[in-house]
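A.B. asks: Got a structure for you, written out below as C-alpha cells; questions coming shortly.
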Amino acid sequence: MDVTIHCAVNGKSHAVTTDDKRPLLDVLREDLHLTGTRYGCGEGQCGACSVLVDGKRVFSCNTPAARMDGKQITTIEGLAKGETLHPVQQAFLEEGAFQCAYCTSGMIMAAAALLNEKPNPTDADIRAGMNGNICRCCTYVRIENAVRRAAKTATAANAGGR
Amino acid sequence: MEATITKTIIPSDITRRGFVKLLGAGLLIAVSDGATFGQARPRRGGGGRTAKPVAIAARVHIARDGTITVMTGKVECGQGARAELTQAAAEELRVPADQIHLIMADTSLVPDDGLTAGSGTTPRTVPSVRQGAAAARAALIAIAAQKWGVAPDQLDARDGKVTQASPKREITYGELAGDEEAAKEFAKDTPKNVTLTPVSEWKVLGTPLPRPQGRDLVTGGHAYPSDITRPGMLYGKVLRPIAYGAKLTSIDLGPAKAMKDVTAVQDGEFVGVAAPTSFLAEQALEAIAKTAQWERPTDAPSSKQLFEYLKQHARDLPKNTFAAADPSKSLKATYNVAYIQHAPLEPRTAVAAWDGDKLTVWHGTQNPFGVRSELMRALGLAADAVRMIVPDFGGGFGGKHTGEAAVEAARLAKAAGRPVSLRWTRKEEFTWAYFRPAGVIEIEASLDPAGKLATWHHVNINSGPQAMETPYRTPQEHSQFVQSKPPLRHGSYRALASTANTFAREVAIDELAVMAGADPFAFRLAHLQDERLKGVLEAAAKRFDWAGRSARKDPKTGVGLACGTEKGGFIATCAEVRVDDDGIAVTHVAGAFDCGKVLNPGNLLNQIQGAIIMGMGAALREEMVFQNGVIRNGSFGEYRPPRFADVPTLDVELVDRPDHNSAGAGESPIMAIAPAIANAVFRATGERVREMPIKLKGKSPQARSSTP
C-alpha cells in the first residue's frame with residue numbers, strides 16, 4: 001500500500017510516496033539517487049546502510065521508509081559542510097581507514113552518531129559503538145584510529161570556541 | 001590536481017576513436033585503429049604477460065595540455081593496485097603521483113593485464129607499467145633530441161618537461177605530445193630492454209602514497225558497480241534453486257507479468273524479473289517463486305559428513321612409505337578445513353545496457369577480459385560488441401573471478417529492452433557464489449633419536465597444493481595434493497590452499513616440537529632452511545617477546561606461533577590467547593612480513609593487518625553449514641566475520657628487502673594466524689586443535705572483551 005511521507009534529507013524537504021513496506025535504503029538510493037548509502041546484508045547486521053535519523057544511527061536496510069514521516073535524515077552525502085569535510089570524514093581520509101571502502105559510508109555515519117552521543121569515547125566505547133558495522137577487508141585497526149582522531153579534532157575545535 | 005582527475009568522466013558509449021578525441025588530440029591517433037587496446041587474448045593466471053608486446057600508446061597517453069593517462073587491465077577492489085600502479089607510472093615518467101590519471105579495467109580502453117589475482121599485480125603488472133612509462137619517457141627524449149638536433153643523452157626528462165642543461169632550454173611533455181613524430185614513437189611496441197629507474201633513485205615508489213581519489217570514498221561520491229545508474233534502468237532479480245542440484249520442472253510467470261511495469265523472463269532454467277524498483281522486483285520474484293516446482297537431488301551433501309565424504313571420494317591417495325625412525329616419536333594426524341565464503345561487503349553486481357547489438361556491462365569482477373569472454377559465449381557476441389567496465393568495487397578476496405551477475409543482467413536487459421541493475425542479495429552471495437574449498441590434510445611424520453625431523457608425509461585432499469612443500473629440513477619428505485569430489489562449488493580464495501596447508505603443517509610441527517621436548521620457536525629455527533623465512537620468524541618472535549610471554553604461567557593463557565612462505569612472501573605470526581568458560585579470545589598478535597622491496601609501506605601495512613584479522617575469522621568462526629544441499633547460515637547474523645570486538649592488539653613489522661624483487665602481499669600474510677592461534681590454544685588448555693574453525697569441547701570463540 002502506498003503512503004506519502006514528509007521528511008528532510010540532508011536538510012532538504014521531500015514528499016515521498018512509496019509502498020509502506022519499502023526500506024528507507026531503497027528510497028534513498030533509487031528514488032532520491034543518494035547512492036552513497038549501501039546495501040550489505042538487508043537485515044541490519046553489517047551497518048553498510050547506516051544513516052542518521054534525528055542524529056541517531058539507523059540501519060536503513062530494515063527500516064521502512066514509511067516510519068520517516070517528520071524525521072530529519074542525514075546520509076553520507078549530507079555530512080560535509082560545503083567543501084569542508086566532517087571531522088570523521090577528514091579523519092578517515094587522513095588515516096587511510098579503508099581498503100575497498102564499501103563499508104566506509106556506514107562506518108563514518110556510525111562514528112558520527114557515536115561522537116554525537118559521546119564526544120570523548122573510551123576505546124571500549126568505540127568498539128561497542130562500532131561493533132554493528134562489518135569491514136570485510138578488516139581495516140579495523142585504522143578505523144579505530146580514525147574514530148579516535150576524529151574525537152580529538154572535534155574536541156579541540158570545540159575547545160577553540162568554534 | 002586530484003579534483004581534476006576525479007572529475008574526468010569517460011562516457012560509457014564512446015568508441016575507441018572517441019576516447020582519443022576526449023583525451024585531447026594526442027598520441028593515440030596513430031595507433032587507435034591498430035591492435036593495441038586490449039587486443040591480446042584473454043587469459044587466466046593473474047599476470048601482466050600480454051601475448052604480444054603492448055604499444056607504448058596503449059599504456060601511456062599524454063595530451064597536449066600535459067595530462068598523463070595510464071591504462072591497465074588490473075582492477076581495484078581494496079588491495080591497493082590503484083595507488084601502486086599510479087606510483088609505478090609516476091616513477092618512470094618522473095612526475096608526482098597526482099599527475100597520473102589511471103584508467104583501470106575498461107576492456108575498450110586498456111590492455112589485457114590478466115586476472116587481478118594470485119598476487120600478480122606487484123611482480124608482473126607493476127613492471128609492465130614501469131616499462132611502458134619508461135619507454136614513453138625515452139620516446140619524449142628522442143623526440144626532443146631530434147627536434148633540437150642533439151644526442152638524447154644530453155637531455156633529461158622530469159616534472160613534465162624535457163630539459164637540456166647547455167644551452168639551457170626546455171619543452172613540456174604536452175608540447176612534445178603534439179609533435180607529429182610523437183605519434184610514430186608512441187605507436188612502437190614497448191621495448192623489452194628499456195632501462196628502469198633503480199631502487200636507489202626511487203622518489204615515488206617506496207613511499208606510502210594514499211589511495212588516489214580517497215575523498216570520493218569518504219563522501220559517498222565514488223560509484224561502485226551497485227551505484228551505477230543508467231537512464232530508464234530497471235532492477236533485476238533472478239530465481240534461485242531451492243537446493244544445490246535442484247531442477248526446475250515448471251513455473252508460472254503469470255503473477256509477475258500481471259504486475260504493472262514488470263518484465264518476467266524464462267529461458268530454460270533461467271528465470272528472472274526486472275522492475276522499476278528493487279522492492280517491486282522482489283515482490284514479482286516472490287510471486288512466481290511460489291508457483292515453481294522443483295525436483296530435488298537425492299544425494300545432496302551435508303556439512304556434518306563433509307570430511308568423511310571428501311576422504312571417501314579422494315582419488316589415488318598415496319601411502320606413506322617412510323619408516324618412522326623411532327615409532328614412539330611419530331605423529332599421524334588429520335587436519336580438517338571447512339568451507340568458507342568470501343562474503344565481500346558489496347555482493348556481486350552488474351549493470352547491463354544494450355545499444356542495438358552492442359552490450360556494455362559495469363561489473364565488479366577481478367577478471368574483466370575473462371568475463372567479457374563469458375558474455376561473448378553466453379550471448380553469442382563478438383569481442384568488439386562487448387564492453388566491460390569495472391569500477392573500483394567492494395571487495396574480492398579471490399571470490400569475484402566469474403561473471404554470473406553480468407550474464408544475468410545482460411539477459412534481463414535484453415528481455416526488458418532497458419538497462420538492468422542486478423545486485424545479488426547477501427543470501428545469494430552466501431549460497432551461490434563459489435566457496436573456498438574445504439580440505440582434509442593427513443600428515444605422518446617422525447623424529448630421529450636426537451629429536452630432529454626424520455620423515456614427513458603430507459597429503460592434501462581437495463583443497464589444493466599451494467604452500468604444501470615443507471620449509472623444514474627433513475631427510476625423507478613427500479607432499480601431495482589429491483582431488484576429491486567437492487560437494488559444493490568451490491574456487492579461488494585469498495591465498496588459495498596455502499592457508500589450509502600452512503595450518504596443518506604448522507600445527508603438526510608444534511606437535512612434533514612438543515614430542516621432541518623443544519620450544520616451538522627453537523624447534524622451527526633449527527629446521528628452517530630459508531634465510532628469509534628465518535628472518536621473519538625471528539623478527540616476529542622478538543616483537544612478540546616470545547621468550548617472555550611463553551614463560552608466563554597463567555593457566556588460562558597460551559602463546560603460539562607459525563610461519564610460512566608463498567608467492568614470494570614470507571610471514572611469521574605469534575598469537576596470545578585467553579581461554580575461559582566463555583571461549584577463546586585472541587588478545588595479542590605480532591607478525592613480521594617480507595615481500596622483497598616494499599613499494600608502498602602504508603598500503604602494505606593495511607593489507608597485512610587486514611589479512612591477519614580476516615584470517616582470524618576462518619580460524620575461529622567462519623564455516624558454511626549445509627544440510628541436504630541447503631546452506632543453513634547464509635547471513636551475517638549466522639555466519640560471523642571478524643568485528644571490532646575481536647581485534648587483538650596487533651603489532652606488525654614490515655621487513656623491507658631492497659635486494660629482492662617485490663612480491664605481491666595481498667594474500668600470504670593471511671596464512672600463519674590460524675595455526676598460531678591453534679597452537680596457543682593448545683598451550684592454554686592442553687587440548688590439541690586440528691580443525692579450522694577451531695572447536696574446543698564445550699566452548700565457542702568469544703569476542704574479545706572490550707574492557708580489561
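Scheme for the C-alpha cells: letters A, B, ... for chains in order shown; per-chain residue numbers from 1; ligand numbers from 1 in order shown.
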DSSP on the backbone: which residues in region 295-444 of chain B end up as strand (DSSP E)? Give the answer as a ChimeraX atom specification.
C.D. replies: /B:295,330-337,349-355,358-363,386-389,420-423,439-444
A.B. asks: Could you produce a table of the residues of chain B lying within 8 Å of chain A, with the nearest pair of atoms per residue and their separation in Å rounded to one decimal, using only C-alpha atoms, ordered by chain and increasing residue number, as JSON lines?
C.D. replies:
```
{"residue": "B:Glu76", "atom": "CA", "partner": "A:Cys100", "partner_atom": "CA", "distance": 7.7}
{"residue": "B:Cys77", "atom": "CA", "partner": "A:Cys100", "partner_atom": "CA", "distance": 5.1}
{"residue": "B:Gly78", "atom": "CA", "partner": "A:Cys100", "partner_atom": "CA", "distance": 3.5}
{"residue": "B:Gln79", "atom": "CA", "partner": "A:Gln99", "partner_atom": "CA", "distance": 6.4}
{"residue": "B:Gly80", "atom": "CA", "partner": "A:Gln99", "partner_atom": "CA", "distance": 7.2}
{"residue": "B:Pro210", "atom": "CA", "partner": "A:Gly96", "partner_atom": "CA", "distance": 6.6}
{"residue": "B:Arg211", "atom": "CA", "partner": "A:Gly96", "partner_atom": "CA", "distance": 7.4}
{"residue": "B:Gly214", "atom": "CA", "partner": "A:Leu93", "partner_atom": "CA", "distance": 6.4}
{"residue": "B:Arg215", "atom": "CA", "partner": "A:Leu93", "partner_atom": "CA", "distance": 6.7}
{"residue": "B:Leu217", "atom": "CA", "partner": "A:Ala101", "partner_atom": "CA", "distance": 6.2}
{"residue": "B:Val218", "atom": "CA", "partner": "A:Gln89", "partner_atom": "CA", "distance": 5.5}
{"residue": "B:Thr219", "atom": "CA", "partner": "A:Glu77", "partner_atom": "CA", "distance": 5.8}
{"residue": "B:Gly220", "atom": "CA", "partner": "A:Gly36", "partner_atom": "CA", "distance": 4.0}
{"residue": "B:Gly221", "atom": "CA", "partner": "A:Gly36", "partner_atom": "CA", "distance": 6.4}
{"residue": "B:His222", "atom": "CA", "partner": "A:Gly36", "partner_atom": "CA", "distance": 7.7}
{"residue": "B:Ala223", "atom": "CA", "partner": "A:Thr35", "partner_atom": "CA", "distance": 7.7}
{"residue": "B:Tyr224", "atom": "CA", "partner": "A:Tyr102", "partner_atom": "CA", "distance": 7.9}
{"residue": "B:Asp227", "atom": "CA", "partner": "A:Thr35", "partner_atom": "CA", "distance": 5.6}
{"residue": "B:Thr277", "atom": "CA", "partner": "A:Glu30", "partner_atom": "CA", "distance": 7.0}
{"residue": "B:Ser278", "atom": "CA", "partner": "A:Asp26", "partner_atom": "CA", "distance": 7.3}
{"residue": "B:Phe279", "atom": "CA", "partner": "A:Arg22", "partner_atom": "CA", "distance": 6.4}
{"residue": "B:Ala343", "atom": "CA", "partner": "A:Arg136", "partner_atom": "CA", "distance": 7.4}
{"residue": "B:Pro344", "atom": "CA", "partner": "A:Arg136", "partner_atom": "CA", "distance": 6.2}
{"residue": "B:Leu345", "atom": "CA", "partner": "A:Gly40", "partner_atom": "CA", "distance": 5.6}
{"residue": "B:Glu346", "atom": "CA", "partner": "A:Gly40", "partner_atom": "CA", "distance": 6.1}
{"residue": "B:Pro347", "atom": "CA", "partner": "A:Gly40", "partner_atom": "CA", "distance": 7.2}
{"residue": "B:Asp392", "atom": "CA", "partner": "A:Cys100", "partner_atom": "CA", "distance": 7.8}
{"residue": "B:Phe393", "atom": "CA", "partner": "A:Cys100", "partner_atom": "CA", "distance": 6.6}
{"residue": "B:Gly394", "atom": "CA", "partner": "A:Tyr102", "partner_atom": "CA", "distance": 5.0}
{"residue": "B:Gly395", "atom": "CA", "partner": "A:Cys100", "partner_atom": "CA", "distance": 5.5}
{"residue": "B:Thr425", "atom": "CA", "partner": "A:Cys41", "partner_atom": "CA", "distance": 7.0}
{"residue": "B:Arg426", "atom": "CA", "partner": "A:Cys41", "partner_atom": "CA", "distance": 5.1}
{"residue": "B:Lys427", "atom": "CA", "partner": "A:Cys41", "partner_atom": "CA", "distance": 7.9}
{"residue": "B:Asn606", "atom": "CA", "partner": "A:Thr139", "partner_atom": "CA", "distance": 6.9}
{"residue": "B:Gln609", "atom": "CA", "partner": "A:Thr139", "partner_atom": "CA", "distance": 7.2}
{"residue": "B:Gly610", "atom": "CA", "partner": "A:Cys138", "partner_atom": "CA", "distance": 4.6}
{"residue": "B:Ala611", "atom": "CA", "partner": "A:Cys138", "partner_atom": "CA", "distance": 7.3}
{"residue": "B:Ile613", "atom": "CA", "partner": "A:Cys138", "partner_atom": "CA", "distance": 6.0}
{"residue": "B:Met614", "atom": "CA", "partner": "A:Cys138", "partner_atom": "CA", "distance": 6.0}
{"residue": "B:Ser635", "atom": "CA", "partner": "A:Cys41", "partner_atom": "CA", "distance": 7.3}
{"residue": "B:Phe636", "atom": "CA", "partner": "A:Gln45", "partner_atom": "CA", "distance": 5.9}
{"residue": "B:Gly637", "atom": "CA", "partner": "A:Gln45", "partner_atom": "CA", "distance": 6.1}
{"residue": "B:Pro641", "atom": "CA", "partner": "A:Arg136", "partner_atom": "CA", "distance": 7.3}
{"residue": "B:Pro642", "atom": "CA", "partner": "A:Cys138", "partner_atom": "CA", "distance": 7.2}
{"residue": "B:Arg643", "atom": "CA", "partner": "A:Ile134", "partner_atom": "CA", "distance": 6.0}
{"residue": "B:Phe644", "atom": "CA", "partner": "A:Asn131", "partner_atom": "CA", "distance": 5.3}
{"residue": "B:Ala645", "atom": "CA", "partner": "A:Arg127", "partner_atom": "CA", "distance": 5.9}
{"residue": "B:Val647", "atom": "CA", "partner": "A:Tyr140", "partner_atom": "CA", "distance": 7.3}
{"residue": "B:Ser706", "atom": "CA", "partner": "A:Ala124", "partner_atom": "CA", "distance": 5.0}
{"residue": "B:Thr707", "atom": "CA", "partner": "A:Ala124", "partner_atom": "CA", "distance": 6.1}
```
A.B. asks: Looking at B:Ala151, B:Leu453, B:Ala182, B:Leu93, which one is nearest to Leu528 (chain B), with distances taken over only C-alpha atoms?
C.D. replies: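 Going through B:Ala151, B:Leu453, B:Ala182, B:Leu93 one by one, the smallest distance to Leu528 (chain B) is for B:Leu453.
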A.B. asks: So that I can check the surroundings of Asp69 (chain A), please list as number ranges by chain every protein, DNA and RNA residue that reaches within 12 Å of it, counting only C-alpha atoms and ignoring chain neighbours fewer than 4 positions away.
C.D. replies: A: 3-9, 13-18, 20, 24, 53-54, 64-65, 73
A.B. asks: Out of region 65-217 of chain B, which residues get helix (DSSP H, G or I) from DSSP, as a PyMOL selection string?
C.D. replies: chain B and resi 81-93+97-99+121-148+152-154+173-177+180-187+199-201+214-217
A.B. asks: Distance table requested - region 458-483 of chain B against region 299-310 of chain B, cut-off 10 Å, only C-alpha atoms: one row per qualifying residue with the closest atom pair and its distance in Å to one decimal, ordered by chain and rising residue number, as a tab-separated table.
C.D. replies:
```
residue	atom	partner	partner_atom	distance
B:Ile461	CA	B:Leu310	CA	7.1
B:Asn462	CA	B:Leu310	CA	7.1
B:Ser463	CA	B:Leu310	CA	9.9
B:Gln483	CA	B:Leu310	CA	8.8
```
A.B. asks: Quick one: residues within 10 Å of Asp316 (chain B), only C-alpha atoms, excluding same-chain residues fewer than 6 positions away - as a list in words?
C.D. replies: Phe481, Val482, Gln483 and Ser484 of chain B
A.B. asks: At what distance in Å, to one decimal, does CA of Arg130 (chain B) lie from CA of Pro152 (chain B)?
C.D. replies: 20.0 Å
A.B. asks: For Val238 (chain B), find every residue with an atom within 8 Å (counting only C-alpha atoms), except residues of its own chain fewer than 2 positions away, and show them as a PyMOL selection string.
C.D. replies: chain B and resi 236+240+270-273+285+408
